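Enquirer: Sharing a structure, written as structure tokens. Questions coming.
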Amino acid sequence: MSHDGVGPRAVMRSVAFLTAGALAVPLLSGCGSADEAGKPLARQDIAPAGRAQVAEGGTLRWAVDTVPETFNTFQSDADATTTRVAQAVLPSMYRLDATGRPQRDSDYLESAKVVETEPKQVVLYKLNQQAVWSDGREIGAADFAAQWRALSGKDSAYWTARNAGYERIEKIERGANDLEVRVTFKRTYADWRSLFSPLYPKDVMGTPDAFNDGARRKLKVTAGPFVVKKVDRKKDQVRLTRNTRWWGRPAKLSEIVLTAVPRDERASALAAGKIDLAEIDPAVAQRIDGAAHGTAGPLAGPGSGRTAAKALRSWALAHGSDEETAEDEVEARAELREAVAKWEEQQKALRDYEVRRSLEPAYTQLALNGADGLLADERVRRAVARALDRKELAKVVLKPLGLPAEPVGSHLALAGQDAYADNSGALGGQDTAEAQALLADAGWVPGGPVEKHEKTEKAAGSKGKKAGGSGSGKGDSGGDSDDDSADGDGTYVVGGDDKGRTARSSDDGRQLAQDGKQFKQVHGGAPGAYAPKGTAAPAAAPAKALAKDGKALSLRFVLPSGPGSEPLAAVAARITRMLAKVGIGTDITKVSDESYFKDHIASGQYDLALYSWPGSAFPATDARPIYAKPVPAADGSLSVEQNYTRVGTDQVDQLFEQAVSTLDEDEKRSLIRKADSRIWAAAGSIPLYQRPQLTAVRKSVVNAGAFGFQTPVYQDMGFLKKGAKKGAKASASPSGR
């Protein structure tokens with residue numbers, strides 16, 4: 001599932017085994033209604049300006065997480081910057097609009113439509129006659145055919161990470177002229193608009209060697225408003241310059257320089273004037289807001305309200321000052337004066353920036369591992385879900401940022417997208433009595449006898465460390481210390497590029513989370529789960545601990561422990577307290593970022609976990625591997641694809657297959673919504689809220705910032721002309737359709 005983030009879909013294998021039957025869930029009324037999608041909860045915030053108001057020339061310095069290891073978005077180690085570059089320099093037949101829906105890109109495509117359905121589906125593409133590659137060659141059928149062959153899955157010499165949709169193609173032919181491409185499908189494919197975006201030249205896709213290695217470190221031939229001018233890995237920069245062969249609206253900027261800047265260094269880089277645009281965390285956003293209004297005290301943390309004196313004292317203690325030693329105190333005061341001077345200097349510099357905010361096209365979920373253990377019982381999973389106040393969790397995260405605090409009602413789309421409908425009623429909302437009744441029905445009773453025995457293995461895989469909290473619900477909140485700010489992403493986002501697809505397994509069956517890094521901050525922006533400092537937890541009266549057959553009802557809650565993970569721990573603590581109210585205990589274990597996904601989520605070594613999925617314009621294709629019923633592999637392990645909760649049903653699989661195989665848009669939408677209802681009822685994952693998207697932007701930069709759903713329009717970005725006025729700053733209210 002995806003927007004403009006990165007990372008491939010991939011297939012993972014697990015030794016765990018799952019047996020699950022189809023759920024008999026009544027159909028929800030109104031599933032086929034076209035108006036249930038509503039509007040996006042928040043507008044994009046990019047300081048819109050007409051092209052006449054944008055100055056010619058200039059260099060936009062854009063902070064990114066990495067200089068990519070590959071410029072081939074179809075490889076397993078593609079990342080967010082890979083996608084950023086592809087969007088600026090390569091063709092896409094379809095791009096997403098502000099509502100997260102695919103729209104034809106007229107710079108490349110004059111028209112595309114299904115011209116035959118019997119005996120087989122045929123799509124006819126008519127290309128823009130001006131569309132050429134940077135070497136002067138026309139974009140045409142040969143490029144389409146080369147990409148299909150590379151991604152069809154027939155040739156294992158191509159090291160592809162995803163191929164969904166391409167495997168349904170039977171042949172690609174030249175049409176009536178060089179500008180027409182006929183694509184014939186051997187099986188009907190509803191999401192045909194997801195294909196050929198991005199489109200690579202036949203030079204890249206034509207041979208396995210070119211695909212595997214040729215486009216990893218450079219892109220010689222491109223076809224966008226920009227070209228890749230230079231990749232400087234010593235300076236951690238990718239330099240994009242105007243494409244002199246570009247036939248569309250000319251790029252306003254002369255250059256875009258993508259520079260890798262660690263998230264905990266972005267405030268300093270902004271203050272030093274080294275970058276113009278950067279996705280940031282809430283702490284940096286508060287600093288910039290405070291600089292604009294003169295309200296942020298020196299070294300104050302997000303939402304703290306602390307006085308400067310308290311802030312300085314905390315800083316001194318954190319840096320080793322001993323209050324009982326006068327000499328150390330004098331030294332600490334000198335350091336403090338220097339730090340305050342530096343802080344105030346930075347705050348003055350930050351007045352040149354503003355925070356543009358929206359909601360990221362991704363949602364944070366609570367994942368429940370139903371493969372084995374206590375959550376293999378559907379009644380326990382449903383009890384966990386009914387204990388959660390999703391509205392309250394959304395408020396905790398989004399309300400302090402001035403963003404709409406609405407829980408997500410679908411696993412398969414987000415508000416505003418065509419397939420969206422709130423199907424959470426298939427499971428039900430927060431209800432303590434119902435949760436307790438479900439647990440009682442499953443045999444869990446309050447205050448039952450618990451056998452005492454020594455544990456022989458760690459609660460959540462290797463190298464985990466306990467973070468407090470268990471049956472009492474007193475887990476490590478991650479939010480009660482003096483420093484709650486996130487230095488990076490608080491939530492792991494899985495998958496995500498413009499047209500992320502099902503992955504083909506590599507030889508070792510492990511393409512996803514090879515090192516865990518690519519799943520962090522796929523979309524950038526603010527952490528996916530965090531509690532601002534000073535947010536009080538609601539009063540919770542823990543129920544008596546529940547037990548059954550001598551075992552206490554306690555769930556392993558696995559969290560990452562690296563920089564930026566404090567917000568995630570805070571949300572986990574709030575969930576822990578909610579569960580404690582119905583008698584469910586939690587055992588929080590923190591693990592390293594490197595092992596979080598690879599060794600725990602993907603391998604099934606957890607009961608509860610928090611991570612995110614990007615929203616998709618093509619859920620029939622993109623969401624299928626996430627919710628597909630796990631099946632035994634030939635080697636005896638369990639093939640889960642991307643279904644890390646291990647909860648699936650035959651009925652959901654059938655609905656996905658029906659949805660991807662119909663060309664009736666209303667029928668497809670109805671099938672997707674029915675599938676979502678059954679996913680809710682199975683209670684394998686509980687969507688919580690859309691992630692906030694916070695971007696620091698130099699005030700003079702227009703048509704860039706928090707893009708929301710929409711694919712960025714790189715040729716319109718630039719600097720405001722002197723004396724010109726940019727459009728009204730976007731609010732967090734819903735946008736028009």
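Residues in the structure tokens are named by chain (A, B, ... in the order shown) and by number from 1 within that chain; ligands are numbered from 1 in the order shown.
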Tell me, as an NGL selection string, which residues lie within 8 Å of A:Thr66, counting only C-alpha atoms; anything in the same chain fewer than 3 positions away does not count.
Expert: :A and (81 or 236 or 259-261)
Enquirer: Pick out the residues sitting within 7 Å of A:Pro630, and hand them over as JSON, numbers by chain; count only C-alpha atoms, and ignore anything fewer than 3 positions along from it in its own chain.
Expert: {"A": [18, 638, 639, 640, 646, 648]}
Enquirer: Those same residues, written as a CSV table (one decimal), in the first residue's frame with C-alpha atoms?
Expert:
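Output contents, as saved in result.csv:
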chain,number,residue,atom,x,y,z
A,18,LEU,CA,-1.8,-20.6,11.4
A,638,LEU,CA,4.3,-20.7,6.8
A,639,SER,CA,4.2,-18.3,3.9
A,640,VAL,CA,2.6,-15.1,5.3
A,646,ARG,CA,-1.0,-14.2,10.6
A,648,GLY,CA,-6.6,-14.4,7.5
Enquirer: A:Gly370, A:Pro560, A:Gly290, A:Pro361: which is nearest A:Glu344, counting only C-alpha atoms?
Expert: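 Closest residue, counting only C-alpha atoms: A:Gly290.
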Enquirer: Check stretch 191-271 of chain A with DSSP on the backbone and list each residue it calls strand (DSSP E or B), as a compact mmCIF listing (two decimals) with C-alpha atoms, in the first residue's frame.
Expert:
# COMPACT_ATOMS: atom_id res chain seq x y z
CA PHE A 226 14.53 17.06 -14.04
CA VAL A 227 17.50 14.79 -14.72
CA VAL A 228 19.97 13.21 -12.31
CA LYS A 229 23.03 15.44 -12.72
CA LYS A 230 25.31 14.06 -10.02
CA VAL A 231 25.32 11.61 -7.13
CA ASP A 232 27.91 12.60 -4.51
CA GLN A 237 23.82 14.48 -2.03
CA VAL A 238 21.81 13.83 -5.17
CA ARG A 239 21.74 16.79 -7.54
CA LEU A 240 18.81 17.13 -9.96
CA THR A 241 18.88 19.75 -12.72
CA ARG A 242 16.40 20.93 -15.34
CA GLU A 255 18.24 22.59 -9.31
CA ILE A 256 16.94 20.41 -6.52
CA VAL A 257 19.64 19.13 -4.19
CA LEU A 258 18.58 16.19 -2.03
CA THR A 259 20.88 16.00 1.00
CA ALA A 260 20.88 13.24 3.59
Enquirer: Counting only C-alpha atoms, which residues in stretch 220-264 of chain A sit no more than 12 Å from stretch 189-213 of chain A? For each one, give the nearest pair of atoms and the distance in Å, sorted by chain then residue number, as a tab-separated table.
Expert:
residue	atom	partner	partner_atom	distance
A:Lys220	CA	A:Asp203	CA	9.1
A:Val221	CA	A:Pro201	CA	7.0
A:Thr222	CA	A:Pro201	CA	7.4
A:Ala223	CA	A:Pro201	CA	8.8
A:Gly224	CA	A:Pro198	CA	10.6
Enquirer: Since we have the selection now, will you write its residues out, keeping N, CA and C atoms, as a compact mmCIF listing (two decimals), in the first residue's frame?
Expert:
# COMPACT_ATOMS: atom_id res chain seq x y z
N LYS A 220 21.11 7.09 -16.46
CA LYS A 220 21.65 7.79 -17.61
C LYS A 220 20.54 8.39 -18.48
N VAL A 221 19.44 7.66 -18.62
CA VAL A 221 18.35 8.09 -19.50
C VAL A 221 17.08 8.28 -18.67
N THR A 222 16.49 9.46 -18.75
CA THR A 222 15.30 9.78 -17.96
C THR A 222 14.30 10.52 -18.84
N ALA A 223 13.17 10.91 -18.26
CA ALA A 223 12.16 11.63 -19.04
C ALA A 223 11.21 12.35 -18.11
N GLY A 224 11.72 13.33 -17.39
CA GLY A 224 10.91 14.12 -16.48
C GLY A 224 11.36 15.56 -16.53
Enquirer: Quick one: residues within 9 Å of A:Thr662, only C-alpha atoms, excluding same-chain residues fewer than 3 positions away - as an MDAnalysis selection string?
Expert: chainID A and resid 188:190 657:659 665 667:668
Enquirer: Kindly save the residues from that selection, with N, CA, C and O atoms included, as a CSV table (one decimal), in the first residue's frame.
Expert:
chain,number,residue,atom,x,y,z
A,188,THR,N,-8.3,-10.7,-16.4
A,188,THR,CA,-8.8,-9.4,-16.2
A,188,THR,C,-8.1,-8.7,-15.0
A,188,THR,O,-8.0,-9.3,-13.9
A,189,TYR,N,-7.8,-7.5,-15.2
A,189,TYR,CA,-7.0,-6.8,-14.1
A,189,TYR,C,-7.7,-5.4,-13.9
A,189,TYR,O,-7.5,-4.5,-14.7
A,190,ALA,N,-8.3,-5.2,-12.7
A,190,ALA,CA,-9.0,-4.0,-12.4
A,190,ALA,C,-8.1,-2.8,-12.2
A,190,ALA,O,-8.4,-1.7,-12.5
A,657,GLU,N,-9.7,-11.3,-4.7
A,657,GLU,CA,-9.6,-11.8,-6.1
A,657,GLU,C,-10.8,-11.4,-7.0
A,657,GLU,O,-10.6,-11.0,-8.1
A,658,GLN,N,-12.0,-11.3,-6.4
A,658,GLN,CA,-13.1,-10.8,-7.1
A,658,GLN,C,-12.9,-9.3,-7.5
A,658,GLN,O,-13.2,-8.9,-8.6
A,659,ALA,N,-12.4,-8.6,-6.5
A,659,ALA,CA,-12.3,-7.1,-6.7
A,659,ALA,C,-11.2,-6.8,-7.7
A,659,ALA,O,-11.4,-5.9,-8.5
A,665,GLU,N,-16.4,-0.5,-11.7
A,665,GLU,CA,-15.8,0.3,-10.5
A,665,GLU,C,-16.7,0.2,-9.3
A,665,GLU,O,-16.2,0.1,-8.2
A,667,GLU,N,-18.8,-2.2,-8.5
A,667,GLU,CA,-18.6,-3.5,-7.9
A,667,GLU,C,-17.3,-3.7,-7.2
A,667,GLU,O,-17.3,-4.3,-6.1
A,668,LYS,N,-16.3,-3.2,-7.8
A,668,LYS,CA,-14.9,-3.3,-7.1
A,668,LYS,C,-14.9,-2.6,-5.8
A,668,LYS,O,-14.4,-3.1,-4.8
Enquirer: Measuring atom to atom with only C-alpha atoms, identify which of A:Thr645, A:Thr589, A:Thr621, A:Ser410 is nearest to A:Ser677.
Expert: A:Ser410
Enquirer: What gap, in Å, lies between atom CA of A:His293 and atom CA of A:Asp352?
Expert: 12.2 Å
Enquirer: Write out as number ranges by chain the residues lying within 12 Å of stretch 173-185 of chain A, counting only C-alpha atoms and excluding same-chain residues fewer than 3 positions away.
Expert: A: 108-132, 137-146, 148, 152, 165-170, 188-193, 195-196, 661
Enquirer: Within 12 Å of A:Ala683, counting only C-alpha atoms, which residues qualify if same-chain residues fewer than 3 places away don't, as number ranges by chain?
Expert: A: 23, 365-370, 375-386, 411, 424-428, 627, 645-649, 676-680, 686-687
Enquirer: Would you mind reading off the distance between atom CA of A:Ser612 and atom CA of A:Val67, one decimal, in Å?
Expert: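 Atom CA of A:Val67 lies 23.0 Å from atom CA of A:Ser612.
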Enquirer: With distances taken over only C-alpha atoms, which residue among A:Leu414, A:Phe557, A:Leu96, A:Gln605 lies nearest A:Ile575?
Expert: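 Of A:Leu414, A:Phe557, A:Leu96, A:Gln605, the one nearest A:Ile575 is A:Phe557, counting only C-alpha atoms.
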Enquirer: When you draw a straight line from atom CA of A:Ser254 to atom CA of A:Gly57, how long is it in Å?
Expert: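 Going from atom CA of A:Ser254 over to atom CA of A:Gly57 covers 4.6 Å.
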Enquirer: Using only C-alpha atoms, which of A:Ser700, A:Leu438, A:Val660, A:Gly705 sits nearest A:Leu720?
Expert: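 Among the listed residues, the smallest separation from A:Leu720 belongs to A:Ser700.
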Enquirer: Can you list every residue in stretch 118-224 of chain A that DSSP puts in helix (DSSP H, G or I), as a ChimeraX atom specification?
Expert: /A:141-151,166-168,192-194,202-205,208-214
Enquirer: Name the closest residue to A:Pro567 among the candidates A:Asp716, A:Glu641, A:Asp281, A:Glu345; distances are taken between atoms, counting only C-alpha atoms.
Expert: A:Asp281
